[in-house]
Amino acid sequence: MKAICLITALITTTALGAAQNYTIADFADFTKSPTEHVLNVVEKPFKVRSVSGLIEFRNGPLEPLANVLFEIQGPGTDRRLRRGTTDEHGRFKIGGVPVGTYKFKATLNGYQSSVGKIIVSKDVDKANTIRIEMLIGN
Amino acid sequence: MADQVTINPNEHYKDSKGRPVSESSLAFHELAEAYAKIDGGKAYGDYNQINVVSGTTLQIGPPQQGAHDEAVQREFKLRGQRPNLQNSGRAGDQLIRDPHN
């Protein structure tokens with residue numbers, strides 16, 4: 001049941017908002033891991049009430065990924081960065097994030113980084129969450 | 001040491017200058033990187049050589065170029081010999097994979 005709810009929330013969050021084209025320069029202020037080579041764009045923005053979620057990688061089945069640095073920049077053109085790190089269950093949370101639109105980047109040495117957009121809004125189901133699958137670097 | 005190179009023709013990348021990266025550029029970079037790993041025995045990233053100086057005393061040597069950076073140098077060499085490549089994306093650069101590009 002929990003898995004069904006999570007999948008539903010994922011579909012909800014990824015179905016909202018328009019897709020956007022990015023360049024490397026859009027993420028110049030974010031942390032770059034020593035072996036980072038590729039940024040993967042998460043196609044659709046996440047629309048959430050608060051900034052928290054789950055980061056996993058595929059090793060056969062999906063497994064939680066610890067120590068991932070999750071950064072957001074915003075709202076809008078504000079260049080302030082806020083950070084969180086995933087725990088041993090792959091979960092992260094950044095508290096006190098005001099309503100608005102943010103860029104995000106998830107980074108871990110040895111993995112391809114994931115980037116995209118988060119829309120923080122009060123008009124969103126509380127169950128909506130951020131879920132990212134990281135790819136092993138090359 | 002072994003390595004494997006695969007190129008997905010359905011994925012598209014741009015480099016840090018926003019230039020599209022061709023499949024041939026990706027193939028050149030990845031093969032050069034694999035060569036550095038297999039023939040050169042190098043790790044992906046840059047590293048420091050560790051030397052045994054006497055008995056159990058270890059000395060950290062100067063930084064060594066990893067397989068990725070060695071492949072980057074080969075790319076620069078190729079591009080120097082092929083001026084027509086100057087305006088195309090460079091696969092060894094930091095890349096962004098965007099489903100809409």
# chains A, B, ... in the order shown; residues from 1 in each chain; ligands from 1
>>> select_by_dssp(residues="chain B", states="strand (DSSP E or B)", output="JSON, numbers by chain")
{"B": [13, 14, 20, 47, 48, 49, 50, 51, 52, 53, 54, 57, 58, 59, 60, 61, 62, 63, 64, 95, 96, 97]}
>>> interface_residues(of="chain B", to="chain A", cutoff="6 Å", atoms="only C-alpha atoms", output="CSV table (one decimal) with C-alpha atoms, in the first residue's frame")
chain,number,residue,atom,x,y,z
B,16,SER,CA,29.4,23.3,-21.0
B,94,GLN,CA,31.1,18.3,-18.2
B,95,LEU,CA,27.9,17.2,-20.1
B,96,ILE,CA,24.3,17.7,-19.5
B,97,ARG,CA,21.8,15.0,-20.7
B,98,ASP,CA,18.5,16.5,-21.4
>>> residues_around(residues="region 71-75 of chain A", least_positions_apart="5", cutoff="6 Å", atoms="only C-alpha atoms", output="VMD selection string")
chain A and resid 80 to 83 100 to 105
>>> write_last_selection(atoms="C-alpha atoms", output="compact mmCIF listing (two decimals), in the first residue's frame")
# COMPACT_ATOMS: atom_id res chain seq x y z
CA ARG A 80 21.13 31.21 -2.26
CA LEU A 81 21.85 27.52 -1.86
CA ARG A 82 20.19 25.27 0.71
CA ARG A 83 21.58 21.80 1.39
CA GLY A 100 8.65 29.33 -4.93
CA THR A 101 10.52 27.69 -7.77
CA TYR A 102 13.97 26.18 -7.21
CA LYS A 103 16.65 24.42 -9.20
CA PHE A 104 18.03 21.27 -7.57
CA LYS A 105 21.08 19.08 -7.92
>>> select_by_dssp(residues="chain B", states="helix (DSSP H, G or I)", output="MDAnalysis selection string")
chainID B and resid 23:38 67:81 83:85
>>> residues_around(residues="region 121-123 of chain A", least_positions_apart="6", cutoff="9 Å", atoms="only C-alpha atoms", output="MDAnalysis selection string")
chainID A and resid 47:50 98:101
>>> atom_distance(atom1="CA of Gly41 (chain B)", atom2="CA of Glu70 (chain B)")
11.9 Å
>>> closest_residue(among="B:Pro99, B:Gly40, B:Pro83, B:Gly45", to="Glu11 (chain B)", atoms="only C-alpha atoms")
B:Pro99
>>> atom_distance(atom1="CA of Gln64 (chain B)", atom2="CA of Ile50 (chain B)")
10.4 Å
>>> residues_around(residues="region 20-37 of chain B", least_positions_apart="4", cutoff="6 Å", atoms="only C-alpha atoms", output="list in words")
Asp3, Tyr13, Lys14, Gly41, Lys42, Ala67, His68, Ala71, Gly89 and Ala91 of chain B
